[in-house]
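I have placed the structure first, in the form of structure tokens, so that the comments after it can refer back to it.
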Amino acid sequence: MRFLLQRLAFYLFTVWAAITINFFLPRLIPGDPVRSLIARYQGQLSADAIDSLYVLFGLDQERSLWGQYVDYWAQLLRGDLGLSFTFFPTPVSDVIGNALPWTVALVGITTLVSFALGTGLGVLAGWRRGSWLDGLLPVTTFLSSIPYFWLGLVAIALLTGPGSFFPSSGGYEPGLVPAFDTIFLGSALQHSLLPAATILVSSMSGWVLSMRNMMVTVAAEDYITVAHAKGLGERRVALHYAARNALLPNISGFALSLGFIVGGTLLVEIVFSYPGLGFQLFQAVGAKDYPLLQGIFLIITVSVLVANLLADLAYLALDPRTRKEG
Amino acid sequence: MAVPAGTVDAATPAGPATVGTGVRHRPGRRLPLLRNRKAMTGLITLGFFAVVAVIGPWLAPYDPGRRSADLLQPPSGQHWFGTTHLGQDIFSQVLVGTRGVLLVGFTAGIVATLLAVVVGVTAGHLGGVADESLSVLSNVFLVIPALPLIIIVSAAIPESGDLTIALLIGLTSWAWGARVLRAQTLSLRRRDFVEAARATGESTWRIIAFEVLPNLTAVISSGFIGTVIFAVMSQITLAFIGISSISPWNWGTILYWAQSQQALAQGAWWWFVPAGLAIALLGTALALVNFGIDELVSPRLRTSGSGPIRTPDGRTVRMRTGFTPVLASAPPQSRQPRRQRRRPTTTRRSSRE
């Protein structure tokens with residue numbers, strides 16, 4: 001329990017840090033791109049919207065920095081992230097709300113699958129050290145050195161095209177209305193296959209490697225020798241004795257490297273024009289849409305933290321030592 | 001393993017380090033890294049890229065930005081990697097772009113490693129409140145997704161050149177190294193030689209610099225290389241999505257133009273394949289060096305294996321590295337019924353650390 005509370009406190013602190021970064025960053029933008037944008041949309045912006053942008057970007061010079069900070073928090077707590085410039089009258093929260101499910105589905109599922117598959121292969125490679133599986137290592141090294149987005153480009157070039165089963169861009173067949181029916185879901189699935197495969201190929205190798213190395217380390221422990229000496233089956237020793245213990249560092253590693261992975265996967269969305277957060281981020285960068293950029297950063301950070309918390313819970317379930325201390 | 005730093009009194013020379021004149025020693029004698037095949041392959045590839053980075057602009061057959069009449073040509077004798085939509089020579093772009101990639105990668109790596117050493121070693125060595133707060137700081141940087149952070153920061157900075165990008169990446173990617181270094185320092189802190197140095201009244205900073213740091217060399221260098229890989233990737237990513245300035249050539253810029261000019265739709269594979277392969281090759285080289293260092297530090301990770309061995313009585317046993325070979329004591333058909341009683345369901349004894 002203490003472990004969990006500690007982690008929770010830490011995540012809250014991190015959220016605070018991320019929000020504070022988000023508060024100060026726009027104040028670093030030299031010149032006044034936001035003011036000019038506001039000026040451009042003057043006639044179309046409601047007074048409320050202008051106020052909220054003023055708070056977001058610190059254009060409200062009369063208030064003290066602290067006052068601005070308090071305003072900013074109050075606005076965030078109301079869920080108001082400002083208006084997006086690219087999708088003009090739409091609030092940022094709506095834009096993000098539309099994109100988030102796509103990203104969660106694509107990145108979330110593929111990350112889990114890649115972790116599970118990679119760990120499994122790593123168990124195998126670590127246990128059968130010196131066999132042909134070691135030949136996999138250089139291959140995985142090479143694959144993990146390829147940027148995700150480049151692999152996506154190659155996949156598009158090789159596998160898509162007129163008449164191909166794989167669509168080269170988008171999240172669903174143009175013309176379909178998003179709904180929970182078989183046609184739409186099937187189309188969405190078909191569109192997500194290639195991006196998912198791309199993420200899988202390039203993110204899996206990291207897990208293979210770290211799990212292999214942990215297995216190799218664990219395999220030299222006394223309790224493994226004892227298990228062998230007791231005459232337990234090979235499988236049992238490998239899975240219940242070695243893998244179980246080797247998995248723990250890999251899970252904490254998983255939690256910590258989520259931030260890196262998410263960064264990479266966002267790029268895949270860009271290449272495939274997948275309607276998720278990464279693609280929105282890309283468009284926001286192009287259009288210098290600061291409110292959207294900030295909102296996306298905030299949401300990504302919070303989602304990564306939530307995922308981290310879940311990984312912690314998994315760790316708690318798997319490692320009895322963390323429970324004993326409480 | 002890093003050479004253990006001698007304590008103040010024990011000033012004995014470290015054995016065979018002195019090389020006799022005229023006697024040719026194998027290079028691995030003094031630099032064990034060179035004996036490792038993976039590390040060697042990586043270092044050679046890295047050296048190749050370094051050479052290209054230095055002399056690339058002179059090697060380049062064309063000015064990378066110069067337009068010509070050969071629009072979107074596939075690779076040929078004249079243009080080894082083909083041309084762009086403006087007739088620019090892609091081979092020249094890749095050659096010239098190497099310098100920027102390596103420069104940013106290594107600058108960011110150095111910045112991040114310095115930060116990691118300062119934060120990690122200080123936290124690990126000092127302990128207490130300093131440790132707590134520095135650990136929280138590095139954990140925060142670890143869980144905040146680095147790439148989106150770099151993206152929004154560089155979007156806020158107007159014209160971001162190579163140096164800005166390098167600094168930005170360096171400042172955001174030190175946390176992992178700091179974490180690893182802290183753990184290592186913690187384990188060194190109570191070793192005898194450090195205690196001895198403390199007992200003789202060495203100052204804290206001297207202990208850190210001369211007793212602790214030399215023992216962290218392997219960890220620091222592997223962290224450095226890891227950061228360089230990350231920095232190269234991030235920089236190329238930033239260039240690819242068009243955040244950093246696109247005027248200087250680097251591999252990301254090439255990909256940016258390839259993407260924005262619909263190279264894919266036009267079937268111009270030569271436009272993005274060379275740059276991507278160069279990235280992957282550089283990344284692999286760096287990773288190989290890192291494996292070499294890892295295996296040097298913990299020999300168990302080595303991937304050497306041998307085939308099955310015949311025992312005198314005609315049975316074969318597969319030697320598995322890391323395990324004592326086990327010969328089945330009885331022929332498989334006369335297996336004794338397994339006792340099902342009291343089988344431990346889980347490992348009660350888990351590893352200590």
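Residue numbers start at 1 in each chain; chains themselves are named A, B, ... in the order of the structure tokens; ligands are numbered from 1 in the order shown.
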Using backbone DSSP assignments, extract all helix (DSSP H, G or I) residues from stretch 115-267 of chain A; output them as a ChimeraX atom specification. /A:115-127,132-145,148-159,182-219,222-229,234-267
B:Val94 environment, 8 Å, only C-alpha atoms, sequence neighbours closer than 3 positions dropped, as a PyMOL selection string: chain B and resi 90-91+97-98+250-251+254+274-275
Please provide as a PyMOL selection string all residues within 10 Å of stretch 266-278 of chain A, with the sequence filter that same-chain residues fewer than 6 positions apart are discarded (counting only C-alpha atoms). (chain A and resi 95-107+147-153+155-156+167-172+191-192+194-196+198-199+284+293+296-297+299-300) or (chain B and resi 147-148+237+240-241+259)
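Counting from atom CA of A:Ala307, the distance to atom CA of A:Ala17 is 17.5 Å.
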Please identify all polymer residues within 8 Å of stretch 278-291 of chain B, counting only C-alpha atoms, omitting same-chain residues fewer than 6 positions from it, and present them as a tab-separated table (two decimals) with C-alpha atoms, in the first residue's frame.
chain	number	residue	atom	x	y	z
A	141	THR	CA	19.29	-4.68	-33.21
A	142	PHE	CA	19.04	-3.61	-36.80
A	143	LEU	CA	15.25	-3.42	-36.66
A	145	SER	CA	17.72	1.06	-35.05
A	146	ILE	CA	15.30	1.90	-37.81
A	147	PRO	CA	13.11	4.88	-37.06
B	38	LYS	CA	30.56	-6.95	-32.06
B	39	ALA	CA	32.20	-3.88	-30.63
B	40	MET	CA	34.85	-3.97	-33.33
B	41	THR	CA	32.26	-4.16	-36.12
B	42	GLY	CA	30.41	-1.28	-34.53
B	43	LEU	CA	33.50	0.83	-34.09
B	45	THR	CA	31.19	1.30	-39.02
B	46	LEU	CA	31.18	4.27	-36.70
B	49	PHE	CA	30.55	7.43	-40.69
B	222	SER	CA	27.19	2.70	-22.55
B	225	ILE	CA	26.10	5.66	-26.67
B	226	GLY	CA	22.47	5.00	-25.80
B	229	ILE	CA	21.27	6.73	-30.57
B	233	MET	CA	16.66	9.40	-33.90
B	251	TRP	CA	19.13	12.65	-43.30
For A:Phe260: contacts at 9 Å, only C-alpha atoms, fewer than 6 positions along chain excluded, given as a VMD selection string: chain B and resid 142 to 147
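Proximity of B:Val140, B:Ala53, B:Ala112, B:Val228 to chain A, computed with only C-alpha atoms, is greatest for B:Val140.
Remark: for A:Leu209, the closest of the candidate residues A:Asp319, A:Asp94, A:Asp134, A:Asp51 is A:Asp134 (distances computed over only C-alpha atoms).
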At most 8 Å to chain B: residues in chain A, only C-alpha atoms, as a ChimeraX atom specification: /A:10,14,17-18,25-26,28-30,128-131,134,141-143,145-147,150,153-154,156-157,213,216-221,223,225,240-241,245,256-260,262-264,267,282,285-286,288,293-294,297,300-301,304-305
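The closest residue to A:Ala74, picked from A:Val55, A:Leu124, A:Pro91, A:Met204 and counting only C-alpha atoms, is A:Val55.
Using only C-alpha atoms, the residues found no farther than 6 Å from B:Pro64, other than those of its own chain fewer than 2 positions away, are B:Tyr62, B:Arg66, B:Asp89, B:Ser92, B:Gln93.
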Taking N, CA, C and O atoms for each residue, export the selection above as a short mmCIF file (atom, residue, chain, number, x, y, z; two decimals), in the first residue's frame.
data_model
loop_
_atom_site.label_atom_id
_atom_site.label_comp_id
_atom_site.auth_asym_id
_atom_site.auth_seq_id
_atom_site.Cartn_x
_atom_site.Cartn_y
_atom_site.Cartn_z
N TYR B 62 28.13 16.44 -56.28
CA TYR B 62 27.38 17.63 -56.68
C TYR B 62 27.12 18.48 -55.45
O TYR B 62 27.27 18.03 -54.32
N ARG B 66 21.86 21.92 -55.48
CA ARG B 66 21.80 22.43 -56.85
C ARG B 66 20.75 21.69 -57.67
O ARG B 66 20.69 20.46 -57.67
N ASP B 89 21.01 15.87 -56.38
CA ASP B 89 21.65 14.56 -56.28
C ASP B 89 21.51 14.03 -54.85
O ASP B 89 22.00 14.64 -53.90
N SER B 92 24.78 13.04 -52.88
CA SER B 92 25.47 14.18 -52.29
C SER B 92 24.76 14.63 -51.02
O SER B 92 25.41 14.99 -50.03
N GLN B 93 23.43 14.61 -51.05
CA GLN B 93 22.68 15.05 -49.86
C GLN B 93 22.99 14.15 -48.68
O GLN B 93 23.18 14.63 -47.56
#
Show which residues sit within 12 Å of A:Trp73, as a ChimeraX atom specification. Count only C-alpha atoms, and ignore same-chain residues fewer than 6 positions away. /A:16,19-20,22-23,52,55-56,66-67,79-81
Please produce a file of the residues just selected, as a PDB file, in the first residue's frame, where the atoms kept are N, CA, C and O atoms.
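Okay, this is what ended up in part_26.pdb:
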ATOM      1  N   TRP A  16       1.879  17.754 -12.164  1.00  0.00           N
ATOM      2  CA  TRP A  16       2.062  19.165 -11.828  1.00  0.00           C
ATOM      3  C   TRP A  16       3.228  19.742 -12.625  1.00  0.00           C
ATOM      4  O   TRP A  16       3.136  20.829 -13.201  1.00  0.00           O
ATOM      5  N   ILE A  19       2.285  20.262 -16.253  1.00  0.00           N
ATOM      6  CA  ILE A  19       1.381  21.397 -16.434  1.00  0.00           C
ATOM      7  C   ILE A  19       2.142  22.703 -16.278  1.00  0.00           C
ATOM      8  O   ILE A  19       1.922  23.671 -17.012  1.00  0.00           O
ATOM      9  N   THR A  20       3.081  22.696 -15.346  1.00  0.00           N
ATOM     10  CA  THR A  20       3.851  23.920 -15.146  1.00  0.00           C
ATOM     11  C   THR A  20       4.738  24.217 -16.349  1.00  0.00           C
ATOM     12  O   THR A  20       4.855  25.369 -16.770  1.00  0.00           O
ATOM     13  N   ASN A  22       4.023  23.390 -19.288  1.00  0.00           N
ATOM     14  CA  ASN A  22       3.066  23.838 -20.280  1.00  0.00           C
ATOM     15  C   ASN A  22       2.656  25.288 -20.053  1.00  0.00           C
ATOM     16  O   ASN A  22       2.335  26.009 -20.988  1.00  0.00           O
ATOM     17  N   PHE A  23       2.676  25.700 -18.790  1.00  0.00           N
ATOM     18  CA  PHE A  23       2.312  27.075 -18.476  1.00  0.00           C
ATOM     19  C   PHE A  23       3.409  28.036 -18.904  1.00  0.00           C
ATOM     20  O   PHE A  23       3.153  29.092 -19.459  1.00  0.00           O
ATOM     21  N   SER A  52      -9.870  33.018 -22.776  1.00  0.00           N
ATOM     22  CA  SER A  52      -9.202  31.766 -22.467  1.00  0.00           C
ATOM     23  C   SER A  52      -7.843  31.698 -23.148  1.00  0.00           C
ATOM     24  O   SER A  52      -6.877  31.203 -22.578  1.00  0.00           O
ATOM     25  N   VAL A  55      -5.373  33.719 -21.190  1.00  0.00           N
ATOM     26  CA  VAL A  55      -4.887  33.012 -20.011  1.00  0.00           C
ATOM     27  C   VAL A  55      -3.851  31.965 -20.419  1.00  0.00           C
ATOM     28  O   VAL A  55      -2.797  31.827 -19.808  1.00  0.00           O
ATOM     29  N   LEU A  56      -4.157  31.249 -21.506  1.00  0.00           N
ATOM     30  CA  LEU A  56      -3.257  30.180 -21.947  1.00  0.00           C
ATOM     31  C   LEU A  56      -1.878  30.708 -22.295  1.00  0.00           C
ATOM     32  O   LEU A  56      -0.868  30.086 -22.012  1.00  0.00           O
ATOM     33  N   TRP A  66       1.911  34.969 -10.823  1.00  0.00           N
ATOM     34  CA  TRP A  66       1.209  34.033  -9.945  1.00  0.00           C
ATOM     35  C   TRP A  66      -0.281  34.026 -10.265  1.00  0.00           C
ATOM     36  O   TRP A  66      -0.911  32.979 -10.339  1.00  0.00           O
ATOM     37  N   GLY A  67      -0.809  35.214 -10.497  1.00  0.00           N
ATOM     38  CA  GLY A  67      -2.225  35.321 -10.828  1.00  0.00           C
ATOM     39  C   GLY A  67      -2.526  34.578 -12.114  1.00  0.00           C
ATOM     40  O   GLY A  67      -3.513  33.840 -12.227  1.00  0.00           O
ATOM     41  N   GLY A  79     -11.501  22.019 -17.831  1.00  0.00           N
ATOM     42  CA  GLY A  79     -11.368  21.247 -19.067  1.00  0.00           C
ATOM     43  C   GLY A  79     -11.262  22.135 -20.290  1.00  0.00           C
ATOM     44  O   GLY A  79     -11.443  21.688 -21.412  1.00  0.00           O
ATOM     45  N   ASP A  80     -10.955  23.394 -20.067  1.00  0.00           N
ATOM     46  CA  ASP A  80     -10.870  24.333 -21.185  1.00  0.00           C
ATOM     47  C   ASP A  80      -9.416  24.449 -21.622  1.00  0.00           C
ATOM     48  O   ASP A  80      -8.568  24.928 -20.882  1.00  0.00           O
ATOM     49  N   LEU A  81      -9.113  23.964 -22.823  1.00  0.00           N
ATOM     50  CA  LEU A  81      -7.738  24.022 -23.306  1.00  0.00           C
ATOM     51  C   LEU A  81      -7.578  25.071 -24.399  1.00  0.00           C
ATOM     52  O   LEU A  81      -6.570  25.126 -25.078  1.00  0.00           O
TER      53      LEU A  81
END
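The coordinates place atom CA of A:Val92 at 23.8 Å from atom CA of A:Leu65.
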